[in-house]
Structure formats: structure tokens, C-alpha cells
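Colleague: structure22.txt is reproduced in full below (compact mmCIF, C-alpha atoms).
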# COMPACT_ATOMS: atom_id res chain seq x y z
CA MET O 19 24.75 16.92 29.96
CA ALA O 20 25.53 19.94 27.77
CA VAL O 21 23.17 20.78 24.92
CA PHE O 22 24.46 22.99 22.13
CA VAL O 23 21.77 24.82 20.22
CA GLY O 24 22.35 26.31 16.81
CA ALA O 25 26.09 25.58 16.69
CA ASP O 26 27.80 24.99 13.36
CA LEU O 27 29.85 21.93 14.26
CA SER O 28 31.66 21.87 10.92
CA ASP O 29 34.10 24.47 12.26
CA TYR O 30 35.20 22.32 15.19
CA VAL O 31 37.79 19.57 15.56
CA PHE O 32 36.29 16.35 16.91
CA SER O 33 38.10 14.00 19.25
CA GLY O 34 37.19 10.88 21.14
CA ILE O 35 36.98 7.12 20.98
CA GLY O 36 34.49 5.25 18.85
CA GLY O 37 31.14 6.99 18.73
CA ASN O 38 31.80 9.10 21.82
CA THR O 39 33.05 12.13 19.92
CA VAL O 40 32.69 15.71 21.09
CA PRO O 41 33.62 19.04 19.49
CA SER O 42 36.65 19.89 21.60
CA ARG O 43 36.76 23.64 20.87
CA LEU O 44 33.04 23.94 21.50
CA MET O 45 33.39 22.09 24.78
CA GLU O 46 36.21 24.42 25.83
CA GLU O 47 34.13 27.49 24.99
CA PHE O 48 31.12 26.04 26.83
CA ALA O 49 33.23 25.28 29.91
CA MET O 50 34.67 28.80 29.85
CA LYS O 51 31.20 30.33 29.70
CA GLU O 52 30.07 28.08 32.54
CA THR O 53 32.93 28.95 34.90
CA GLN O 54 34.22 32.39 33.92
CA ASP O 55 33.52 35.06 36.53
CA LEU O 56 32.48 38.16 34.60
CA PHE O 57 31.79 40.16 37.76
CA PRO O 58 34.77 39.80 40.13
CA THR O 59 34.01 40.99 43.67
CA ARG O 60 34.82 40.25 47.33
CA LEU O 61 38.56 40.51 46.62
CA GLU O 62 41.34 41.71 48.91
CA ARG O 63 41.97 44.82 46.83
CA LYS O 64 39.56 47.35 45.39
CA LEU O 65 38.55 47.13 41.74
CA GLY O 66 36.94 50.08 40.02
CA MET O 67 33.29 49.90 39.03
CA PHE O 68 32.58 49.10 35.38
CA GLU O 69 29.66 49.26 32.97
CA ARG O 70 27.24 46.34 32.84
CA ILE O 71 27.54 43.93 29.91
CA ASP O 72 23.98 42.54 30.01
CA PRO O 73 20.77 44.10 28.69
CA VAL O 74 18.37 45.65 31.18
CA VAL O 75 15.24 44.72 29.24
CA HIS O 76 15.91 41.30 27.70
CA SER O 77 12.89 40.98 25.41
CA GLU O 78 13.18 41.77 21.72
CA GLY O 79 10.74 42.14 18.85
CA ASP O 80 7.29 40.74 19.62
CA GLN O 81 8.45 39.72 23.11
CA ARG O 82 8.45 43.40 24.06
CA LYS O 83 4.68 43.51 23.63
CA GLY O 84 2.85 43.12 26.93
CA PRO O 85 1.28 45.01 29.82
CA LEU O 86 4.22 47.43 30.09
CA SER O 87 4.24 50.20 27.50
CA GLU O 88 7.34 51.12 25.51
CA ALA O 89 7.62 54.24 27.66
CA GLU O 90 7.60 52.10 30.83
CA LEU O 91 10.18 49.70 29.39
CA ASP O 92 12.38 52.67 28.50
CA GLU O 93 11.99 54.06 32.02
CA PHE O 94 12.94 50.70 33.54
CA ASP O 95 15.95 50.56 31.21
CA ARG O 96 17.01 54.08 32.19
CA LYS O 97 16.30 54.15 35.93
CA GLY O 98 16.41 50.46 36.91
CA PHE O 99 12.96 50.41 38.51
CA LEU O 100 9.27 51.17 38.06
CA SER O 101 6.66 52.02 40.69
CA PHE O 102 2.90 51.56 40.57
CA GLU O 103 0.80 53.18 43.30
CA GLY O 104 -2.14 51.01 44.33
CA PHE O 105 -1.30 48.21 41.89
CA PHE O 106 -3.34 45.79 44.04
CA ASP O 107 -6.55 46.86 45.74
CA GLU O 108 -6.37 47.17 49.51
CA ASP O 109 -9.22 44.68 49.73
CA GLU O 110 -7.05 42.17 47.82
CA MET O 111 -4.28 42.67 50.37
CA GLU O 112 -6.38 42.28 53.54
CA ALA O 113 -5.97 38.49 53.73
CA PHE O 114 -2.19 38.87 53.30
CA LEU O 115 -2.11 41.49 56.06
CA GLN O 116 -3.96 39.19 58.45
CA GLU O 117 -1.50 36.40 57.71
CA LEU O 118 1.31 38.87 58.34
CA ARG O 119 -0.11 39.70 61.78
CA ASP O 120 -0.39 36.00 62.60
CA TYR O 121 3.29 35.45 61.75
CA GLU O 122 4.40 38.20 64.17
CA SER O 123 3.03 36.19 67.12
CA ASP O 124 4.05 32.73 65.87
CA GLU O 125 6.80 31.59 68.23
CA ASP O 126 7.53 28.43 66.22
CA LEU O 127 8.06 30.50 63.07
CA LYS O 128 10.52 32.72 64.94
CA LEU O 129 12.64 29.63 65.63
CA SER O 130 12.86 28.54 61.98
CA GLU O 131 16.11 29.10 60.08
CA GLY O 132 14.37 31.21 57.45
CA THR O 133 13.19 33.75 60.03
CA ILE O 134 15.68 36.51 60.84
CA LEU O 135 15.26 38.48 64.07
CA GLU O 136 16.50 42.00 64.75
CA PRO O 137 19.98 41.93 66.36
CA GLY O 138 19.63 41.23 70.08
CA LYS O 139 15.82 41.37 69.97
CA GLN O 140 12.80 39.15 69.41
CA GLU O 141 11.18 41.29 66.71
CA ILE O 142 11.09 39.72 63.24
CA ARG O 143 13.33 41.41 60.66
CA SER O 144 12.69 39.10 57.70
CA ILE O 145 10.89 35.87 56.82
CA PHE O 146 12.47 34.08 53.86
CA GLY O 147 10.84 31.48 51.63
CA ILE O 148 7.42 32.95 52.31
CA HIS O 149 5.97 31.44 49.12
CA GLU O 150 6.80 27.99 50.54
CA VAL O 151 5.34 28.79 53.96
CA SER O 152 2.01 30.06 52.60
CA GLU O 153 -0.16 28.86 49.71
CA ARG O 154 -1.69 32.35 49.51
CA PHE O 155 1.71 33.95 48.97
CA SER O 156 2.68 31.17 46.55
CA ARG O 157 -0.32 31.99 44.36
CA LEU O 158 0.64 35.65 44.46
CA THR O 159 4.02 34.86 42.86
CA ARG O 160 2.00 33.56 39.89
CA ASP O 161 -0.42 36.46 39.67
CA PRO O 162 -0.98 36.88 35.89
CA ARG O 163 -0.46 40.67 36.09
CA LEU O 164 2.90 40.31 37.84
CA LEU O 165 4.12 37.38 35.81
CA ALA O 166 3.37 39.01 32.45
CA MET O 167 5.46 42.08 33.36
CA VAL O 168 8.30 39.94 34.67
CA GLN O 169 8.38 37.85 31.48
CA GLN O 170 8.32 41.01 29.38
CA ILE O 171 11.38 42.38 31.18
CA LEU O 172 13.32 39.10 31.39
CA GLY O 173 12.50 38.04 27.84
CA GLY O 174 10.89 34.72 28.71
CA ASP O 175 10.04 32.30 31.48
CA ALA O 176 11.09 32.80 35.09
CA TYR O 177 11.14 30.98 38.42
CA ILE O 178 11.33 32.22 42.02
CA HIS O 179 14.93 32.61 43.16
CA GLN O 180 13.98 34.01 46.58
CA SER O 181 10.98 35.38 48.47
CA ARG O 182 10.79 37.26 51.75
CA ILE O 183 8.88 39.69 53.93
CA ASN O 184 10.90 42.53 55.44
CA TYR O 185 9.42 43.95 58.64
CA LYS O 186 10.14 47.32 60.22
CA PRO O 187 8.14 47.75 63.42
CA GLY O 188 7.53 51.28 64.63
CA PHE O 189 10.42 52.80 66.64
CA LYS O 190 12.40 49.52 66.42
CA GLY O 191 12.86 48.59 62.76
CA LYS O 192 16.48 48.73 61.63
CA GLY O 193 17.69 49.81 58.20
CA PHE O 194 19.31 47.96 55.31
CA ASP O 195 22.69 49.21 54.01
CA TRP O 196 23.18 50.23 50.39
CA HIS O 197 23.78 47.18 48.23
CA SER O 198 23.22 45.51 44.88
CA ASP O 199 21.28 42.26 45.22
CA PHE O 200 23.09 40.89 42.18
CA GLU O 201 26.50 41.39 43.82
CA THR O 202 25.42 39.08 46.65
CA TRP O 203 23.52 36.60 44.48
CA HIS O 204 26.47 36.36 42.07
CA SER O 205 29.15 36.00 44.74
CA GLU O 206 27.33 33.88 47.33
CA ASP O 207 24.74 32.04 45.20
CA GLY O 208 26.41 31.69 41.79
CA MET O 209 23.90 33.69 39.73
CA PRO O 210 25.89 34.11 36.52
CA ARG O 211 24.32 37.14 34.80
CA MET O 212 22.09 40.16 35.40
CA ARG O 213 18.78 38.66 34.30
CA SER O 214 16.66 38.86 37.42
CA VAL O 215 14.05 41.28 38.73
CA SER O 216 12.54 41.93 42.18
CA CYS O 217 8.92 42.83 42.85
CA SER O 218 8.30 44.64 46.14
CA ILE O 219 4.65 44.77 47.23
CA ILE O 220 3.78 47.24 49.96
CA LEU O 221 1.86 45.51 52.76
CA THR O 222 1.66 48.50 55.11
CA GLU O 223 1.69 52.08 53.89
CA ASN O 224 5.18 53.32 53.03
CA GLY O 225 5.73 56.99 53.86
CA GLU O 226 8.73 59.24 54.17
CA PHE O 227 9.13 58.62 57.92
CA ASN O 228 8.89 54.81 58.32
CA GLY O 229 11.97 53.78 56.35
CA PRO O 230 10.76 53.32 52.75
CA LEU O 231 12.79 51.53 50.10
CA MET O 232 15.33 53.92 48.53
CA LEU O 233 16.90 53.36 45.11
CA VAL O 234 19.66 55.07 43.10
CA PRO O 235 18.34 55.68 39.56
CA GLY O 236 20.75 54.53 36.86
CA SER O 237 23.05 52.69 39.28
CA HIS O 238 22.16 49.37 37.62
CA HIS O 239 24.25 50.40 34.59
CA TYR O 240 27.43 49.85 36.64
CA PHE O 241 28.76 46.91 38.62
CA VAL O 242 30.54 47.95 41.82
CA PRO O 243 33.00 45.29 43.06
CA CYS O 244 33.21 45.09 46.84
CA VAL O 245 36.25 44.50 49.04
CA GLY O 246 36.74 41.67 51.52
CA ARG O 247 36.62 37.89 51.36
CA THR O 248 33.28 36.26 52.15
CA PRO O 249 33.34 34.21 55.38
CA GLU O 250 31.61 30.84 55.39
CA ASP O 251 27.96 31.17 56.50
CA ASN O 252 28.21 34.92 56.01
CA TYR O 253 24.43 35.08 55.66
CA LYS O 254 23.97 34.43 59.40
CA GLU O 255 25.40 37.88 60.09
CA SER O 256 24.72 39.76 56.84
CA LEU O 257 20.95 39.26 57.02
CA LYS O 258 20.98 41.10 60.36
CA SER O 259 23.64 43.69 59.59
CA GLN O 260 25.59 43.71 56.34
CA ASP O 261 29.32 44.46 56.35
CA ILE O 262 30.54 42.33 53.42
CA GLY O 263 29.18 43.19 49.97
CA VAL O 264 28.62 46.88 50.70
CA PRO O 265 29.79 49.33 47.98
CA ASP O 266 32.51 51.82 48.86
CA ASP O 267 31.58 55.43 49.65
CA ALA O 268 33.37 56.90 46.62
CA SER O 269 31.42 54.71 44.16
CA LEU O 270 28.15 55.40 45.96
CA ARG O 271 28.80 59.12 45.91
CA ASP O 272 29.58 59.07 42.20
CA LEU O 273 26.41 57.14 41.34
CA MET O 274 24.22 59.25 43.63
CA LEU O 275 25.55 62.48 42.11
CA LYS O 276 24.71 61.09 38.67
CA GLY O 277 21.30 59.66 39.49
CA ASP O 278 20.15 61.08 42.86
CA ILE O 279 18.02 58.96 45.23
CA GLU O 280 14.34 58.12 44.91
CA ALA O 281 12.04 56.55 47.51
CA PRO O 282 8.78 55.32 45.94
CA LYS O 283 5.99 55.59 48.49
CA GLY O 284 2.37 54.58 48.49
CA PRO O 285 -0.56 52.87 50.16
CA VAL O 286 -1.07 49.16 50.77
CA GLY O 287 -0.94 47.24 47.49
CA SER O 288 1.55 49.51 45.72
CA LEU O 289 4.30 47.82 43.70
CA VAL O 290 7.95 48.54 42.96
CA MET O 291 9.78 46.47 40.34
CA PHE O 292 13.54 46.87 40.34
CA GLU O 293 16.43 45.40 38.38
CA CYS O 294 18.74 43.02 40.24
CA ASN O 295 21.76 45.35 40.09
CA THR O 296 20.00 48.57 41.15
CA LEU O 297 21.58 49.92 44.32
CA HIS O 298 19.04 50.23 47.12
CA GLY O 299 18.71 50.41 50.89
CA SER O 300 16.49 51.88 53.59
CA ASN O 301 16.70 53.85 56.81
CA ILE O 302 15.68 52.84 60.31
CA ASN O 303 12.03 53.34 61.20
CA MET O 304 11.94 56.19 63.73
CA SER O 305 8.19 56.66 63.38
CA CYS O 306 5.33 54.91 65.21
CA TRP O 307 4.05 53.45 61.92
CA PRO O 308 5.24 49.93 60.97
CA ARG O 309 6.54 49.24 57.49
CA SER O 310 6.31 45.78 55.94
CA ASN O 311 7.14 44.92 52.34
CA LEU O 312 6.90 41.64 50.45
CA PHE O 313 9.63 40.74 47.95
CA PHE O 314 9.48 38.18 45.15
CA VAL O 315 12.71 37.66 43.18
CA TYR O 316 12.18 36.30 39.68
CA ASN O 317 15.14 34.82 37.81
CA SER O 318 15.22 33.79 34.16
CA VAL O 319 15.18 30.05 33.53
CA GLU O 320 18.16 30.76 31.26
CA ASN O 321 20.12 32.20 34.20
CA THR O 322 20.09 29.35 36.71
CA LEU O 323 22.66 29.17 39.49
CA HIS O 324 26.23 27.89 39.30
CA ASP O 325 28.50 27.22 42.27
CA PRO O 326 29.05 30.40 44.31
CA TYR O 327 31.73 32.55 42.70
CA CYS O 328 33.18 33.43 46.12
CA GLY O 329 34.26 29.79 46.45
CA ASN O 330 32.16 28.99 49.52
CA ARG O 331 29.53 26.30 49.81
CA PRO O 332 26.03 27.31 48.61
CA ARG O 333 23.74 29.20 50.95
CA PRO O 334 20.60 27.45 52.25
CA GLU O 335 17.67 26.78 49.95
CA PHE O 336 15.47 29.43 51.60
CA LEU O 337 17.92 32.08 50.35
CA ALA O 338 18.70 30.68 46.90
CA ASN O 339 16.42 28.21 45.16
CA ARG O 340 18.48 25.40 43.58
CA LYS O 341 15.83 22.67 43.57
CA ASP O 342 12.94 23.92 41.46
CA TRP O 343 13.72 25.89 38.30
CA ARG O 344 10.47 25.04 36.54
CA PRO O 345 8.92 28.02 34.76
CA LEU O 346 6.12 29.68 36.67
CA THR O 347 2.67 29.53 35.08
CA PRO O 348 -0.11 32.06 35.77
CA ALA O 349 -2.46 31.23 38.63
CA GLU O 350 -6.05 30.65 37.58
Rewrite the structure of this file - the entire thing - as C-alpha cells.
Modeller:
Amino acid sequence: MAVFVGADLSDYVFSGIGGNTVPSRLMEEFAMKETQDLFPTRLERKLGMFERIDPVVHSEGDQRKGPLSEAELDEFDRKGFLSFEGFFDEDEMEAFLQELRDYESDEDLKLSEGTILEPGKQEIRSIFGIHEVSERFSRLTRDPRLLAMVQQILGGDAYIHQSRINYKPGFKGKGFDWHSDFETWHSEDGMPRMRSVSCSIILTENGEFNGPLMLVPGSHHYFVPCVGRTPEDNYKESLKSQDIGVPDDASLRDLMLKGDIEAPKGPVGSLVMFECNTLHGSNINMSCWPRSNLFFVYNSVENTLHDPYCGNRPRPEFLANRKDWRPLTPAE
């Protein structure tokens, strides 16, 4: 059922039978907004990148007041990410680290659909839906400090679209190609607009040699359409090695020359918050030191998923939450 808030219905022509009347022009506009693809991608021919049409910081007026200062909001708007060294105490993280170690030796977990292994190996690459696997991680998604910053950026309530742990064991951990999360979530999950933010919590120290997260400052101001139709069940390959949904070299070069590359590093408990369209990736881990990061993806309750814009069937629930869009409330 469609609900129209604040519409002046006097300007619309009504049609229908008996009491079942609807404003036809309003319905047409609503349907257009619901189905129109504002970010075409995964086509056979290359489209040029274009400037974003959505705000970066969605809060206005009193909503902007919160734990993030105006200077931090401006930095997030400009760069597309914020980093906080030692946001959580290492002591706070110890229980999460122990759970992480337990998962690495859990053979049943390795067999679950939400666990992605390195190509041709038995090492874990990613565990998706971690907040549904673990009550401890579920509570962390509702940490009052995190949630307040997320609501300040998104301009209101949010729910978890996706959660995961990305592993990179020493000597063996593979990299992640440059990509915009929003490009994938829009095309393959039906996320309509850029109103989502990721929180990456460092679970093992991230240094310059063990494949830290790299981001392109300012890249979130542009949407880069990608070339190539999306195969059905593309996620089964893309989560191991991504070929579809990767920006072209010319666009990447242009954005890197404008914004450079930054790799926030820090000890256990550090935090990186980045906008859903910020281009990011990471190198292979050639060091002996493992690198594991936890990701929570928060999406605005006003930005819930449509059918995938690529035309395929929706991806599994562990990749794109379609069942529970209730606003998160702070954990006590």
C-alpha cells in the first residue's frame, strides 16, 4: 500500500469506481520514483561517470547535532570517510577476537553458504551475516556510540543491510578489487539511493604491509557505471574474485589523480566509517601478520530495497537484508 505524505491532492485528477478513487497523476509519479533507475550500470556499453545526486550527510538543522562535530561532518562530506584510531578499547575487543579465532577452526561454519573461502583453499575469506551468527556481534551493531554517528550521517533511523568479517591470513590473504559498494547494492540488491554507510572495525592491527583498507578521497561524489551484464548468482564468484562491477581504469585514474589514495591504519578497536559510494579496495597480505576487519552496513529505513536493478533475482538474505527493516535501537 502506498502512503503519500504531505501531498496537495487538490492538484490531481481523481479516477476510479465508487469510493475506490486514487490521484492518478500522483500514482504515476510514485510509480516512476519506485521503478526509475537513476544509476544505470552493468550495461553492454560504457557510460561516463557522473556527479552524485544525493546528499552525503543527510541530516539537517537540529539533526546535525550529535557526537560528530561540524568539522567531522564536513570532512566526511568532502572525503567520503572518517577514521578513529582506538575508537574501542582493546580490552573491549578481546571477546570478539576470541570468537574470531573460534570461527577459523569451525568446520561446520566453513560449510555454511554465508562463509566464503579463498579461491581453491580452505582459509576463510569472509563470513557474512555475522550479527545473526553471534549475539555479541549483534549487540555491537547497536552500540550507542556507533548508532548515534550513523543516525547523524543518515539523517534518521537505520537498519543493518549487511554484516561481515573479512579475513586476510598472513602470506595467504587475497586482495579486494577497487569498487563502490553502492554500485553492487544498487544493481544486484535494488538499493535505490546513496543513503547508506559502512563501519569497519579493526579486529587485528592494520599496518601498511598486511593489506589495509584503501579508499579514494572524494570518489563518492561521482557514480562510475560499470560494463558487462550481471550473470545470475554472480555473488558466488564475485565474493571470491570480482570481475563484474569493477570501475574502468580511466575513471579510476581520474578520481585517484583528483583525490589520491588513503589507507587508514591503527590498532585493534580502530574504526573507519565510509560512505556507500566511496571507492575502496585492498592489496594481498604479503606479510606474516593477519588482518581481520569487521564491517557493519547501515541503511536508512527510508532507503529500503527494491527489486534488483540488473533484472536478476535477489541475492540471498545473508548478503542483502530484505526481511527485517525495523529501526535499530541502542543496546543497553
Colleague: Using all atoms listed in the file, tabulate the residues of segment 84-143 of chain O lying at most 10 Å from any atom of segment 201-223 of chain O, each with its closest atom pair and that distance in Å to one decimal, by chain and increasing residue number, as a Markdown table.
Modeller:
| residue | atom | partner | partner_atom | distance |
| --- | --- | --- | --- | --- |
| O:Gly98 | CA | O:Val215 | CA | 9.7 |
| O:Phe99 | CA | O:Val215 | CA | 9.2 |
| O:Leu100 | CA | O:Cys217 | CA | 9.6 |
| O:Ser101 | CA | O:Ser218 | CA | 9.3 |
| O:Phe102 | CA | O:Ile219 | CA | 9.7 |
| O:Glu103 | CA | O:Ile220 | CA | 9.4 |
| O:Gly104 | CA | O:Ile220 | CA | 9.0 |
| O:Phe105 | CA | O:Ile219 | CA | 8.7 |
| O:Phe106 | CA | O:Ile219 | CA | 8.7 |
| O:Glu108 | CA | O:Leu221 | CA | 9.0 |
| O:Met111 | CA | O:Leu221 | CA | 7.2 |
| O:Glu112 | CA | O:Leu221 | CA | 8.9 |
| O:Phe114 | CA | O:Leu221 | CA | 7.8 |
| O:Leu115 | CA | O:Leu221 | CA | 6.5 |
| O:Leu118 | CA | O:Leu221 | CA | 8.7 |
Colleague: At what distance in Å, to one decimal, does atom CA of Asn228 of chain O lie from atom CA of Asp195 of chain O?
Modeller: 15.5 Å
Colleague: Ranking O:Ser310, O:Gln170, O:Gln54, O:Ser318 by minimum distance to Glu90 of chain O and counting all atoms listed in the file, which one comes first?
Modeller: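 Nearest candidate to Glu90 of chain O out of O:Ser310, O:Gln170, O:Gln54, O:Ser318: O:Gln170.
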Colleague: Using all atoms listed in the file, what residues lie at most 12 Å away from (14.7, 47.1, 43.7) (file coordinates), given as a PyMOL selection string?
Modeller: chain O and resi 94+97-101+196-200+214-219+230-238+280-282+289-300+311-316
Colleague: Have a look at O:Phe57, O:Tyr121, O:Tyr177, O:Phe227 and name the one nearest to Arg309 of chain O; count all atoms listed in the file.
Modeller: O:Phe227
Colleague: When you count only C-alpha atoms, which of these residues is closest to Val75 of chain O: O:Arg96, O:Lys190, O:Arg160, O:His179?
Modeller: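 That would be O:Arg96, the residue with the smallest distance to Val75 of chain O.
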Colleague: Report, in Å to a single decimal, how far apart atom CA of Lys128 of chain O and atom CA of Gly193 of chain O are.
Modeller: 19.7 Å
Colleague: Measuring atom to atom with only C-alpha atoms, identify which of O:Glu62, O:Pro73, O:Ala89, O:Lys254 is nearest to Leu135 of chain O.
Modeller: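 Between O:Glu62, O:Pro73, O:Ala89, O:Lys254, the residue approaching Leu135 of chain O most closely is O:Lys254.
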Colleague: Pick out the closest residue to Arg143 of chain O from this set: O:Pro308, O:Pro58, O:Pro348, O:Gly284. Count all atoms listed in the file.
Modeller: O:Pro308
Colleague: Could you check how far atom CA of Leu346 of chain O sits from atom CA of Asp175 of chain O, in Å to one decimal?
Modeller: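 Between these atoms lies a distance of 7.0 Å.
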Colleague: Name all residues at most 7 Å from Gln81 of chain O (count only C-alpha atoms; drop same-chain ones fewer than 3 positions away) and give them as a short mmCIF file (atom, residue, chain, number, x, y, z; two decimals) with C-alpha atoms, in the frame of the given file.
Modeller:
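Printed below is result_12.cif as written:
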data_model
loop_
_atom_site.label_atom_id
_atom_site.label_comp_id
_atom_site.auth_asym_id
_atom_site.auth_seq_id
_atom_site.Cartn_x
_atom_site.Cartn_y
_atom_site.Cartn_z
CA SER O 77 12.89 40.98 25.41
CA GLU O 78 13.18 41.77 21.72
CA GLN O 170 8.32 41.01 29.38
CA GLY O 173 12.50 38.04 27.84
#
Colleague: Using all atoms listed in the file, which of O:Glu125, O:Asp80, O:Asp95, O:Asp266 sits nearest Lys64 of chain O?
Modeller: O:Asp266
Colleague: If I put a ball of radius 10 Å at (-7.0, 30.1, 36.9) in the file's coordinates, which residues poke into it when counting all atoms listed in the file, written as JSON, numbers by chain?
Modeller: {"O": [161, 162, 347, 348, 349, 350]}
Colleague: Please identify all polymer residues within 8 Å of Lys192 of chain O, counting only C-alpha atoms, omitting same-chain residues fewer than 2 positions from it, and present them as a list in words.
Modeller: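 Counting only the stated atoms, we get Glu136, Lys186, Lys190, Phe194, Asn301, Ile302 and Asn303 of chain O.
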